[in-house]
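K.L.:
Pasting final_20.cif here (mmCIF, C-alpha atoms and all ligand atoms):
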```
data_data
loop_
_atom_site.label_atom_id
_atom_site.label_comp_id
_atom_site.auth_asym_id
_atom_site.auth_seq_id
_atom_site.Cartn_x
_atom_site.Cartn_y
_atom_site.Cartn_z
CA MET A 6 0.00 0.00 0.00
CA SER A 7 1.54 3.39 -0.94
CA GLY A 8 1.41 6.23 1.53
CA GLN A 9 -0.63 8.27 -0.96
CA GLU A 10 -3.58 5.89 -1.16
CA LEU A 11 -6.51 7.16 0.89
CA LEU A 12 -7.83 4.91 3.63
CA LYS A 13 -11.59 4.92 3.97
CA GLU A 14 -13.45 3.75 7.06
CA TYR A 15 -16.32 1.24 6.67
CA LYS A 16 -18.79 0.14 9.35
CA VAL A 17 -19.05 -3.63 9.69
CA TRP A 18 -19.73 -5.25 13.10
CA ASP A 19 -22.81 -3.99 14.91
CA ARG A 20 -22.85 -3.56 18.69
CA THR A 21 -24.59 -6.91 19.38
CA THR A 22 -22.04 -8.84 17.35
CA ARG A 23 -19.15 -7.17 19.20
CA TRP A 24 -20.68 -7.76 22.63
CA PHE A 25 -21.42 -11.39 21.70
CA HIS A 26 -17.82 -11.90 20.56
CA TRP A 27 -16.18 -10.63 23.76
CA ILE A 28 -18.68 -12.25 26.16
CA ASN A 29 -18.12 -15.46 24.22
CA VAL A 30 -14.33 -15.12 24.49
CA LEU A 31 -14.48 -14.55 28.26
CA SER A 32 -17.02 -17.29 28.98
CA VAL A 33 -15.27 -19.86 26.76
CA LEU A 34 -11.90 -19.09 28.39
CA GLY A 35 -13.55 -19.48 31.81
CA LEU A 36 -15.16 -22.78 30.77
CA ILE A 37 -11.87 -24.08 29.37
CA ALA A 38 -9.99 -23.07 32.54
CA VAL A 39 -12.48 -24.65 34.98
CA GLY A 40 -13.02 -27.63 32.60
CA THR A 41 -9.26 -28.29 32.57
CA VAL A 42 -9.24 -28.46 36.39
CA ILE A 43 -12.30 -30.79 36.42
CA LEU A 44 -10.60 -33.01 33.84
CA ASN A 45 -7.51 -33.25 36.08
CA ALA A 46 -9.37 -33.45 39.40
CA LYS A 47 -7.86 -36.83 40.32
CA PRO A 48 -4.14 -36.01 39.84
CA LEU A 49 -4.78 -32.66 41.53
CA GLY A 50 -6.23 -34.48 44.55
CA ILE A 51 -9.51 -32.52 44.50
CA THR A 52 -12.14 -33.82 46.95
CA ASN A 53 -15.78 -34.58 46.02
CA ASP A 54 -16.90 -31.31 47.63
CA GLY A 55 -14.27 -29.47 45.59
CA LYS A 56 -15.52 -31.19 42.42
CA ILE A 57 -19.10 -30.18 43.16
CA GLU A 58 -17.99 -26.55 43.60
CA LEU A 59 -15.96 -26.60 40.39
CA LYS A 60 -18.80 -28.18 38.42
CA THR A 61 -21.27 -25.65 39.83
CA LEU A 62 -18.97 -22.77 38.82
CA HIS A 63 -18.50 -24.33 35.36
CA VAL A 64 -22.27 -24.65 34.90
CA LEU A 65 -22.93 -21.06 36.04
CA ILE A 66 -20.41 -19.73 33.51
CA GLY A 67 -22.01 -22.20 31.06
CA TYR A 68 -25.41 -20.51 31.44
CA VAL A 69 -23.90 -17.11 30.50
CA PHE A 70 -22.21 -18.79 27.53
CA CYS A 71 -25.47 -20.52 26.41
CA ILE A 72 -27.64 -17.39 26.68
CA ASN A 73 -25.06 -15.33 24.78
CA LEU A 74 -24.80 -18.02 22.10
CA ALA A 75 -28.60 -18.35 21.78
CA TRP A 76 -28.93 -14.58 21.31
CA ARG A 77 -26.23 -14.67 18.60
CA LEU A 78 -28.14 -17.41 16.79
CA VAL A 79 -31.24 -15.18 16.79
CA TRP A 80 -29.05 -12.25 15.66
CA GLY A 81 -27.93 -14.37 12.70
CA PHE A 82 -31.45 -13.79 11.31
CA ILE A 83 -32.11 -10.19 12.36
CA GLY A 84 -28.68 -8.50 12.74
CA ASN A 85 -27.04 -6.20 10.19
CA ARG A 86 -26.09 -7.71 6.83
CA TYR A 87 -22.55 -8.66 7.96
CA ALA A 88 -23.86 -10.41 11.11
CA ARG A 89 -26.38 -12.62 9.29
CA PHE A 90 -25.83 -16.32 8.61
CA ARG A 91 -25.87 -15.59 4.87
CA ALA A 92 -22.70 -13.50 5.34
CA ILE A 93 -20.88 -15.47 8.05
CA LEU A 94 -21.35 -19.09 6.90
CA PRO A 95 -19.86 -20.79 3.84
CA GLY A 96 -22.06 -21.58 0.86
CA GLY A 97 -24.43 -19.60 -1.32
CA LYS A 98 -24.06 -18.41 -4.90
CA GLY A 99 -20.45 -18.02 -6.08
CA TYR A 100 -18.93 -19.20 -2.78
CA MET A 101 -16.41 -21.61 -4.36
CA LYS A 102 -15.34 -18.91 -6.84
CA ASP A 103 -14.85 -16.49 -3.92
CA VAL A 104 -12.68 -19.07 -2.12
CA THR A 105 -10.48 -19.63 -5.19
CA GLU A 106 -10.08 -15.91 -5.84
CA TYR A 107 -9.28 -15.24 -2.21
CA LEU A 108 -6.71 -18.05 -2.01
CA ASN A 109 -5.01 -17.02 -5.28
CA GLY A 110 -4.94 -13.37 -4.21
CA PHE A 111 -3.66 -14.24 -0.72
CA MET A 112 -0.72 -16.21 -2.19
CA LYS A 113 0.29 -13.17 -4.26
CA GLY A 114 -0.14 -10.80 -1.32
CA GLU A 115 -3.11 -9.09 -2.94
CA ALA A 116 -6.15 -10.84 -1.48
CA PRO A 117 -9.54 -9.37 -2.46
CA ALA A 118 -10.80 -6.99 0.24
CA TRP A 119 -13.72 -8.31 2.27
CA LEU A 120 -15.53 -6.09 4.77
CA GLY A 121 -17.28 -9.01 6.54
CA HIS A 122 -15.60 -12.39 6.97
CA ASN A 123 -13.50 -13.48 3.99
CA PRO A 124 -14.49 -16.81 2.34
CA LEU A 125 -11.97 -18.82 4.41
CA GLY A 126 -12.97 -17.04 7.61
CA ARG A 127 -16.53 -18.21 6.98
CA LEU A 128 -15.37 -21.85 7.15
CA MET A 129 -13.78 -21.16 10.53
CA ILE A 130 -16.93 -19.44 11.84
CA ALA A 131 -19.03 -22.46 10.79
CA ALA A 132 -16.67 -24.86 12.57
CA LEU A 133 -16.54 -22.70 15.72
CA LEU A 134 -20.32 -22.23 15.87
CA ALA A 135 -20.95 -25.96 15.34
CA VAL A 136 -18.58 -26.92 18.17
CA LEU A 137 -19.98 -24.23 20.50
CA ILE A 138 -23.58 -25.36 19.85
CA VAL A 139 -22.75 -29.01 20.60
CA GLN A 140 -20.78 -27.97 23.73
CA ALA A 141 -23.79 -25.97 24.92
CA GLY A 142 -26.19 -28.89 24.29
CA THR A 143 -24.02 -31.60 25.84
CA GLY A 144 -23.10 -29.31 28.76
CA LEU A 145 -26.75 -28.57 29.58
CA ILE A 146 -27.54 -32.31 29.56
CA ILE A 147 -24.62 -33.35 31.78
CA ALA A 148 -25.34 -30.48 34.19
CA GLY A 149 -28.60 -32.34 34.85
CA THR A 150 -27.04 -35.79 35.14
CA ASP A 151 -24.29 -34.84 37.55
CA ILE A 152 -25.17 -31.96 39.86
CA TYR A 153 -28.89 -32.00 38.96
CA TYR A 154 -28.95 -28.43 37.61
CA PRO A 155 -31.60 -27.05 35.22
CA PRO A 156 -32.93 -27.50 32.64
CA PHE A 157 -32.85 -31.32 33.04
CA GLY A 158 -31.90 -31.83 36.71
CA ASN A 159 -35.42 -32.57 37.98
CA LYS A 160 -36.16 -34.98 35.09
CA ILE A 161 -32.95 -36.88 35.89
CA LYS A 162 -33.81 -37.00 39.60
CA ALA A 163 -37.23 -38.44 38.73
CA TRP A 164 -35.53 -41.04 36.49
CA ILE A 165 -33.20 -42.40 39.21
CA ALA A 166 -35.32 -41.89 42.35
CA GLN A 167 -36.44 -44.77 44.57
CA ASP A 168 -39.17 -42.59 46.06
CA GLN A 169 -40.67 -40.02 43.66
CA THR A 170 -42.08 -37.97 46.54
CA GLN A 171 -38.62 -37.27 47.99
CA LEU A 172 -36.69 -35.94 45.00
CA ASP A 173 -35.02 -33.27 47.16
CA LEU A 174 -33.09 -36.02 48.96
CA ILE A 175 -31.14 -36.69 45.77
CA GLN A 176 -27.94 -34.65 45.97
CA PRO A 177 -24.66 -34.63 43.98
CA TYR A 178 -22.32 -37.52 44.89
CA SER A 179 -24.84 -38.97 47.38
CA LYS A 180 -26.64 -42.34 47.08
CA GLU A 181 -29.62 -41.25 49.17
CA ASN A 182 -32.97 -42.11 47.48
CA VAL A 183 -31.08 -43.31 44.36
CA ASP A 184 -32.18 -46.58 42.71
CA GLU A 185 -28.96 -48.40 41.80
CA GLU A 186 -30.24 -50.03 38.59
CA LYS A 187 -31.84 -46.83 37.29
CA ASN A 188 -28.70 -44.90 38.19
CA LYS A 189 -26.61 -47.37 36.16
CA GLU A 190 -28.92 -46.82 33.16
CA MET A 191 -28.58 -43.05 33.59
CA ARG A 192 -24.77 -43.25 33.82
CA ALA A 193 -24.70 -45.34 30.62
CA PHE A 194 -26.85 -42.69 28.90
CA ARG A 195 -24.59 -39.88 30.11
CA SER A 196 -21.24 -41.52 29.33
CA PRO A 197 -21.08 -40.86 25.52
CA ILE A 198 -22.34 -37.32 26.12
CA VAL A 199 -19.50 -36.59 28.56
CA GLU A 200 -17.06 -38.15 26.08
CA THR A 201 -18.33 -35.88 23.30
CA HIS A 202 -18.06 -32.85 25.61
CA GLU A 203 -14.46 -33.77 26.43
CA THR A 204 -13.41 -34.48 22.82
CA LEU A 205 -14.88 -31.20 21.62
CA TYR A 206 -12.98 -29.35 24.34
CA PHE A 207 -9.72 -30.44 22.67
CA LEU A 208 -11.08 -29.67 19.18
CA LEU A 209 -12.27 -26.24 20.35
CA ILE A 210 -8.82 -25.36 21.75
CA ALA A 211 -7.29 -26.31 18.36
CA LEU A 212 -9.88 -24.20 16.48
CA ILE A 213 -9.29 -21.21 18.79
CA ILE A 214 -5.53 -21.36 18.14
CA VAL A 215 -6.07 -21.45 14.34
CA HIS A 216 -8.73 -18.69 14.56
CA VAL A 217 -6.49 -16.30 16.54
CA ALA A 218 -3.43 -17.07 14.36
CA ALA A 219 -5.45 -16.47 11.17
CA ALA A 220 -6.79 -13.15 12.50
CA VAL A 221 -3.27 -11.95 13.42
CA ILE A 222 -1.76 -13.06 10.07
CA THR A 223 -4.61 -11.44 8.10
CA ASP A 224 -4.27 -8.22 10.10
CA ILE A 225 -0.52 -8.07 9.42
CA ARG A 226 -0.83 -8.90 5.70
CA GLU A 227 -3.95 -6.95 4.77
CA ARG A 228 -3.75 -4.09 7.31
CA ASN A 229 -7.50 -3.49 7.43
CA GLY A 230 -7.72 -3.53 11.22
CA ILE A 231 -9.70 -6.76 11.48
CA ILE A 232 -8.78 -7.23 15.15
CA SER A 233 -9.54 -3.67 16.30
CA ALA A 234 -12.81 -3.91 14.28
CA MET A 235 -14.14 -6.30 16.93
CA PHE A 236 -13.86 -3.37 19.38
CA THR A 237 -14.71 -0.40 17.15
CA GLY A 238 -16.98 -2.04 14.55
CA ARG A 239 -14.93 -0.45 11.73
CA LYS A 240 -12.36 -1.59 9.16
CA PHE A 241 -10.19 0.47 6.80
CA PHE A 242 -9.65 -0.02 3.06
CA THR A 243 -8.01 1.84 0.20
CA LYS A 244 -10.29 0.16 -2.35
CA ARG A 245 -13.96 -0.65 -1.98
CA PRO A 246 -14.51 -4.09 -0.34
CA CYS A 247 -16.20 -6.60 -2.64
CA ASP A 248 -19.08 -7.26 -0.19
CA TRP A 249 -19.79 -3.60 0.60
CA GLN A 250 -23.27 -2.33 -0.20
CA GLY A 251 -23.40 1.28 0.90
C1 LIG B 1 -17.04 -23.87 25.34
C2 LIG B 1 -17.80 -24.55 26.12
C3 LIG B 1 -17.35 -25.60 27.09
C4 LIG B 1 -16.12 -26.20 27.27
C5 LIG B 1 -14.84 -25.95 26.51
C6 LIG B 1 -16.26 -27.16 28.35
C7 LIG B 1 -15.25 -27.97 28.84
C8 LIG B 1 -15.41 -28.95 29.78
C9 LIG B 1 -14.40 -29.89 30.22
C10 LIG B 1 -12.98 -29.97 29.69
C11 LIG B 1 -14.93 -30.69 31.17
C12 LIG B 1 -14.27 -31.87 31.90
C13 LIG B 1 -14.72 -33.14 31.22
C14 LIG B 1 -14.53 -34.41 32.03
O1 LIG B 1 -14.40 -34.33 33.23
O2 LIG B 1 -14.55 -35.46 31.40
C15 LIG B 1 -16.30 -30.27 31.35
C16 LIG B 1 -17.16 -30.86 32.23
C17 LIG B 1 -18.45 -30.42 32.45
N1 LIG B 1 -19.11 -29.44 31.76
FE1 LIG B 1 -18.35 -28.29 30.31
N2 LIG B 1 -17.56 -27.12 28.81
C18 LIG B 1 -18.24 -26.18 28.07
C19 LIG B 1 -19.56 -25.83 28.21
C20 LIG B 1 -20.42 -26.30 29.18
C21 LIG B 1 -21.76 -25.84 29.41
C22 LIG B 1 -22.47 -24.77 28.58
C23 LIG B 1 -22.25 -26.54 30.47
C24 LIG B 1 -23.60 -26.44 31.13
C25 LIG B 1 -24.28 -25.33 31.27
C26 LIG B 1 -21.22 -27.48 30.89
C27 LIG B 1 -21.34 -28.40 31.91
C28 LIG B 1 -20.38 -29.30 32.30
C29 LIG B 1 -20.51 -30.26 33.39
C30 LIG B 1 -21.74 -30.47 34.28
C31 LIG B 1 -19.31 -30.96 33.47
C32 LIG B 1 -18.96 -32.10 34.45
C33 LIG B 1 -18.98 -33.40 33.70
C34 LIG B 1 -18.42 -34.52 34.55
O3 LIG B 1 -19.14 -34.95 35.43
O4 LIG B 1 -17.30 -34.93 34.32
N3 LIG B 1 -20.11 -27.29 30.09
N4 LIG B 1 -16.57 -29.22 30.50
#
```
Represent the structure contained in this file as structure tokens.
Ligand code: HEM

P.N.:
Amino acid sequence: MSGQELLKEYKVWDRTTRWFHWINVLSVLGLIAVGTVILNAKPLGITNDGKIELKTLHVLIGYVFCINLAWRLVWGFIGNRYARFRAILPGGKGYMKDVTEYLNGFMKGEAPAWLGHNPLGRLMIAALLAVLIVQAGTGLIIAGTDIYYPPFGNKIKAWIAQDQTQLDLIQPYSKENVDEEKNKEMRAFRSPIVETHETLYFLLIALIIVHVAAAVITDIRERNGIISAMFTGRKFFTKRPCDWQG
């Protein structure tokens, strides 16, 4: 870029999208941090009471994460044009052509300018959203099967109770009022869900590393301010971005 080319400012991310992004970053980091401790509870010598506290904290952060994610999914239909699913997910008319042009341009150091996510960025957003949605779903189910938290805690208590009139006696890590056979069934139901939750934790960490690296590399190569845009809502270009519709 020569010093004489004029930089023009373009609005891209609306306020809801920016708030979603940073609440998501904080809650996911919190979930990963507490999840890592839960995963290593045994070698760390954490007691059952400690585990219950950690799981409760994890689930409380999880609720913030789920509500924020649910609102973003609604915003994908009603947000500004750059926040909508049509703009952030791969696919649609001409998508493969956009990918090829972007890749060819990127190799030569002259990638086409995109105001919203570039065609490769859209693949990453799809992968991240898919993993986050499954983490939210599996997390909400296991919160019910383990510490009996909403939305499924009461249903799970009713499933494993010996006496349906005394559901309050069922408490985390206690056998009181728990039917052993039914509890075994419930644990078998929960086991693949916990496994999925754990596997996706590793996949999510890998995706986050690629996502952050890609954002930094793109910011350095294209110099459009894609990272600061998540704070300010604005990017800068010398030529008109191909997805801009003033
Ligand atoms: C980005 C999202 C999330 C990540 C990365 C994450 C990560 C983890 C990890 C690593 C563990 C330990 C797994 C194990 O002990 O085998 C865990 C456990 C757990 N998570 Fe999450 N989690 C997420 C979201 C949620 C949500 C939204 C909820 C519920 C609201 C939730 C509820 C739980 C519960 C109850 C456990 C304990 C499972 C057990 O008994 O071992 N998680 N999570």

K.L.:
Just the residues within 12 Å of Val33 (chain A), please, counting all atoms listed in the file, with nothing from its chain fewer than 5 positions along; format it as a ChimeraX atom specification.

P.N.:
/A:25-28,38-41,63-64,66-71,73-74,133,136-137,140-141,206,209-210,213

K.L.:
Pick out the closest residue to Arg239 (chain A) from this set: A:Ile37, A:Val104, A:Ala46, A:Leu120. Count all atoms listed in the file.

P.N.:
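Of the candidates, the smallest distance to Arg239 (chain A) is held by A:Leu120.
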
K.L.:
Can you work out the spacing between CA of Val17 (chain A) and CA of Phe236 (chain A) in Å, to one decimal?

P.N.:
11.0 Å

K.L.:
Restricting the calculation to only C-alpha atoms, which member of A:Asp248, A:Asn123, A:Ser196, A:Pro48 is positioned closest to Gly110 (chain A)?

P.N.:
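Closest candidate: A:Asn123.
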
K.L.:
If you measure from CA of Gly238 (chain A) to CA of Val215 (chain A), what distance in Å do you get, rounded to one decimal?

P.N.:
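Going from CA of Gly238 (chain A) over to CA of Val215 (chain A), I get 22.3 Å.
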
K.L.:
How big is the axis-aligned box around all listed atoms of ligand LIG 1 (chain B) once 5 Å goes on each side, and where's its centre, in Å to one decimal, as AutoDock Vina command-line options?

P.N.:
```
--center_x -18.6 --center_y -29.7 --center_z 30.4 --size_x 21.3 --size_y 21.6 --size_z 20.1
```

K.L.:
Which of these, A:Asp224, A:Asp168, A:Glu181, A:Glu203, has the shortest distance to ligand LIG 1 (chain B) once you count only C-alpha atoms and all ligand atoms?

P.N.:
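Under the stated criterion, the closest residue is A:Glu203.
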
K.L.:
Counting all atoms listed in the file, figure out which residue out of A:Gln176, A:Asn182, A:Thr61, A:Ser233 gets nearest to ligand LIG 1 (chain B).

P.N.:
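Answer, going by the shortest atom-to-atom distance: A:Thr61.
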
K.L.:
To one decimal place, how far is atom C15 of ligand LIG 1 (chain B) from CA of Glu190 (chain A) in Å?

P.N.:
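Separation of atom C15 of ligand LIG 1 (chain B) and CA of Glu190 (chain A): 20.9 Å.
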
K.L.:
Restricting the calculation to all atoms listed in the file: of A:Gly114, A:Arg127, A:Ala234, A:Trp119, which residue gets closest to Ile222 (chain A)?

P.N.:
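Using all atoms listed in the file, Ile222 (chain A) sits closest to A:Gly114.
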
K.L.:
Measuring between all atoms listed in the file, which one of A:Glu58, A:Leu128, A:Thr143, A:Ile198 shows the shortest distance to Ile43 (chain A)?

P.N.:
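Of all the options, A:Glu58 lies closest to Ile43 (chain A).
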
K.L.:
Please identify all polymer residues within 7 Å of region 184-186 of chain A, counting only C-alpha atoms, omitting same-chain residues fewer than 5 positions from it, and present them as a list in words.

P.N.:
Ile165, Ala166 and Gln167 of chain A

K.L.:
Could you name the residues that touch Ile161 (chain A) at 8 Å or less, counting all atoms listed in the file, but leaving out those on the same chain fewer than 5 positions away, as a PyMOL selection string?

P.N.:
chain A and resi 149-150+153+191

K.L.:
Just give me the residues with any atom within 7 Å of (-8.4, 2.7, -3.3), file coordinates, counting only C-alpha atoms, written as number ranges by chain.

P.N.:
A: 10-11, 243-245

K.L.:
Can you tell me which residues surround Glu106 (chain A) at a distance of at most 10 Å, considering only C-alpha atoms, apart from same-chain residues fewer than 6 positions away, and format the answer as an NGL selection string?

P.N.:
:A and (100 or 116-117 or 124)

K.L.:
Just so I have it separately, write region 183-217 of chain A from the block I sent, keeping N, CA and C atoms, as a PDB file, in the first residue's frame.

P.N.:
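Wrote it out as selection-v8.pdb, contents follow:
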```pdb
ATOM      1  N   VAL A 183     -31.462 -42.989  45.750  1.00  0.00           N
ATOM      2  CA  VAL A 183     -31.075 -43.308  44.359  1.00  0.00           C
ATOM      3  C   VAL A 183     -31.230 -44.811  44.119  1.00  0.00           C
ATOM      4  N   ASP A 184     -32.005 -45.176  43.101  1.00  0.00           N
ATOM      5  CA  ASP A 184     -32.176 -46.579  42.714  1.00  0.00           C
ATOM      6  C   ASP A 184     -30.944 -47.006  41.899  1.00  0.00           C
ATOM      7  N   GLU A 185     -30.254 -48.036  42.392  1.00  0.00           N
ATOM      8  CA  GLU A 185     -28.963 -48.397  41.804  1.00  0.00           C
ATOM      9  C   GLU A 185     -29.060 -48.771  40.316  1.00  0.00           C
ATOM     10  N   GLU A 186     -30.090 -49.584  39.980  1.00  0.00           N
ATOM     11  CA  GLU A 186     -30.240 -50.029  38.585  1.00  0.00           C
ATOM     12  C   GLU A 186     -30.512 -48.848  37.658  1.00  0.00           C
ATOM     13  N   LYS A 187     -31.470 -48.014  38.104  1.00  0.00           N
ATOM     14  CA  LYS A 187     -31.842 -46.833  37.289  1.00  0.00           C
ATOM     15  C   LYS A 187     -30.637 -45.900  37.154  1.00  0.00           C
ATOM     16  N   ASN A 188     -29.863 -45.777  38.228  1.00  0.00           N
ATOM     17  CA  ASN A 188     -28.697 -44.900  38.190  1.00  0.00           C
ATOM     18  C   ASN A 188     -27.670 -45.425  37.186  1.00  0.00           C
ATOM     19  N   LYS A 189     -27.536 -46.758  37.124  1.00  0.00           N
ATOM     20  CA  LYS A 189     -26.607 -47.369  36.164  1.00  0.00           C
ATOM     21  C   LYS A 189     -27.038 -47.023  34.739  1.00  0.00           C
ATOM     22  N   GLU A 190     -28.364 -47.163  34.494  1.00  0.00           N
ATOM     23  CA  GLU A 190     -28.921 -46.815  33.164  1.00  0.00           C
ATOM     24  C   GLU A 190     -28.585 -45.363  32.825  1.00  0.00           C
ATOM     25  N   MET A 191     -28.812 -44.491  33.813  1.00  0.00           N
ATOM     26  CA  MET A 191     -28.584 -43.054  33.587  1.00  0.00           C
ATOM     27  C   MET A 191     -27.104 -42.781  33.303  1.00  0.00           C
ATOM     28  N   ARG A 192     -26.211 -43.460  34.038  1.00  0.00           N
ATOM     29  CA  ARG A 192     -24.771 -43.249  33.823  1.00  0.00           C
ATOM     30  C   ARG A 192     -24.370 -43.727  32.425  1.00  0.00           C
ATOM     31  N   ALA A 193     -25.018 -44.831  31.963  1.00  0.00           N
ATOM     32  CA  ALA A 193     -24.704 -45.341  30.619  1.00  0.00           C
ATOM     33  C   ALA A 193     -25.185 -44.344  29.560  1.00  0.00           C
ATOM     34  N   PHE A 194     -26.319 -43.697  29.830  1.00  0.00           N
ATOM     35  CA  PHE A 194     -26.850 -42.693  28.898  1.00  0.00           C
ATOM     36  C   PHE A 194     -25.902 -41.486  28.835  1.00  0.00           C
ATOM     37  N   ARG A 195     -25.371 -41.114  29.998  1.00  0.00           N
ATOM     38  CA  ARG A 195     -24.587 -39.885  30.111  1.00  0.00           C
ATOM     39  C   ARG A 195     -23.165 -40.049  29.575  1.00  0.00           C
ATOM     40  N   SER A 196     -22.655 -41.300  29.639  1.00  0.00           N
ATOM     41  CA  SER A 196     -21.244 -41.523  29.326  1.00  0.00           C
ATOM     42  C   SER A 196     -20.815 -41.010  27.924  1.00  0.00           C
ATOM     43  N   PRO A 197     -21.534 -41.372  26.831  1.00  0.00           N
ATOM     44  CA  PRO A 197     -21.083 -40.862  25.517  1.00  0.00           C
ATOM     45  C   PRO A 197     -21.227 -39.346  25.397  1.00  0.00           C
ATOM     46  N   ILE A 198     -22.153 -38.780  26.194  1.00  0.00           N
ATOM     47  CA  ILE A 198     -22.343 -37.316  26.119  1.00  0.00           C
ATOM     48  C   ILE A 198     -21.154 -36.617  26.779  1.00  0.00           C
ATOM     49  N   VAL A 199     -20.688 -37.168  27.908  1.00  0.00           N
ATOM     50  CA  VAL A 199     -19.504 -36.592  28.561  1.00  0.00           C
ATOM     51  C   VAL A 199     -18.280 -36.754  27.655  1.00  0.00           C
ATOM     52  N   GLU A 200     -18.203 -37.917  26.983  1.00  0.00           N
ATOM     53  CA  GLU A 200     -17.059 -38.147  26.081  1.00  0.00           C
ATOM     54  C   GLU A 200     -17.038 -37.131  24.949  1.00  0.00           C
ATOM     55  N   THR A 201     -18.231 -36.873  24.388  1.00  0.00           N
ATOM     56  CA  THR A 201     -18.327 -35.884  23.296  1.00  0.00           C
ATOM     57  C   THR A 201     -17.888 -34.508  23.805  1.00  0.00           C
ATOM     58  N   HIS A 202     -18.377 -34.142  25.005  1.00  0.00           N
ATOM     59  CA  HIS A 202     -18.057 -32.850  25.615  1.00  0.00           C
ATOM     60  C   HIS A 202     -16.535 -32.702  25.788  1.00  0.00           C
ATOM     61  N   GLU A 203     -15.903 -33.802  26.191  1.00  0.00           N
ATOM     62  CA  GLU A 203     -14.456 -33.773  26.434  1.00  0.00           C
ATOM     63  C   GLU A 203     -13.678 -33.697  25.113  1.00  0.00           C
ATOM     64  N   THR A 204     -14.112 -34.486  24.112  1.00  0.00           N
ATOM     65  CA  THR A 204     -13.407 -34.482  22.825  1.00  0.00           C
ATOM     66  C   THR A 204     -13.507 -33.101  22.172  1.00  0.00           C
ATOM     67  N   LEU A 205     -14.710 -32.497  22.260  1.00  0.00           N
ATOM     68  CA  LEU A 205     -14.884 -31.198  21.619  1.00  0.00           C
ATOM     69  C   LEU A 205     -14.112 -30.094  22.341  1.00  0.00           C
ATOM     70  N   TYR A 206     -13.824 -30.314  23.599  1.00  0.00           N
ATOM     71  CA  TYR A 206     -12.977 -29.351  24.339  1.00  0.00           C
ATOM     72  C   TYR A 206     -11.598 -29.279  23.679  1.00  0.00           C
ATOM     73  N   PHE A 207     -11.033 -30.446  23.324  1.00  0.00           N
ATOM     74  CA  PHE A 207      -9.723 -30.442  22.666  1.00  0.00           C
ATOM     75  C   PHE A 207      -9.822 -29.833  21.263  1.00  0.00           C
ATOM     76  N   LEU A 208     -10.900 -30.217  20.538  1.00  0.00           N
ATOM     77  CA  LEU A 208     -11.081 -29.674  19.184  1.00  0.00           C
ATOM     78  C   LEU A 208     -11.248 -28.153  19.241  1.00  0.00           C
ATOM     79  N   LEU A 209     -12.026 -27.675  20.238  1.00  0.00           N
ATOM     80  CA  LEU A 209     -12.270 -26.235  20.353  1.00  0.00           C
ATOM     81  C   LEU A 209     -10.959 -25.486  20.613  1.00  0.00           C
ATOM     82  N   ILE A 210     -10.102 -26.038  21.463  1.00  0.00           N
ATOM     83  CA  ILE A 210      -8.821 -25.363  21.746  1.00  0.00           C
ATOM     84  C   ILE A 210      -8.016 -25.255  20.438  1.00  0.00           C
ATOM     85  N   ALA A 211      -8.021 -26.343  19.632  1.00  0.00           N
ATOM     86  CA  ALA A 211      -7.288 -26.314  18.360  1.00  0.00           C
ATOM     87  C   ALA A 211      -7.891 -25.241  17.438  1.00  0.00           C
ATOM     88  N   LEU A 212      -9.216 -25.187  17.362  1.00  0.00           N
ATOM     89  CA  LEU A 212      -9.877 -24.202  16.482  1.00  0.00           C
ATOM     90  C   LEU A 212      -9.562 -22.772  16.938  1.00  0.00           C
ATOM     91  N   ILE A 213      -9.554 -22.567  18.269  1.00  0.00           N
ATOM     92  CA  ILE A 213      -9.293 -21.209  18.787  1.00  0.00           C
ATOM     93  C   ILE A 213      -7.873 -20.776  18.392  1.00  0.00           C
ATOM     94  N   ILE A 214      -6.917 -21.709  18.493  1.00  0.00           N
ATOM     95  CA  ILE A 214      -5.528 -21.363  18.139  1.00  0.00           C
ATOM     96  C   ILE A 214      -5.448 -20.963  16.658  1.00  0.00           C
ATOM     97  N   VAL A 215      -6.108 -21.760  15.781  1.00  0.00           N
ATOM     98  CA  VAL A 215      -6.071 -21.445  14.342  1.00  0.00           C
ATOM     99  C   VAL A 215      -6.794 -20.112  14.082  1.00  0.00           C
ATOM    100  N   HIS A 216      -7.934 -19.904  14.745  1.00  0.00           N
ATOM    101  CA  HIS A 216      -8.729 -18.689  14.556  1.00  0.00           C
ATOM    102  C   HIS A 216      -7.923 -17.437  14.926  1.00  0.00           C
ATOM    103  N   VAL A 217      -7.253 -17.479  16.085  1.00  0.00           N
ATOM    104  CA  VAL A 217      -6.493 -16.300  16.536  1.00  0.00           C
ATOM    105  C   VAL A 217      -5.287 -16.093  15.610  1.00  0.00           C
TER     106      VAL A 217
END
```
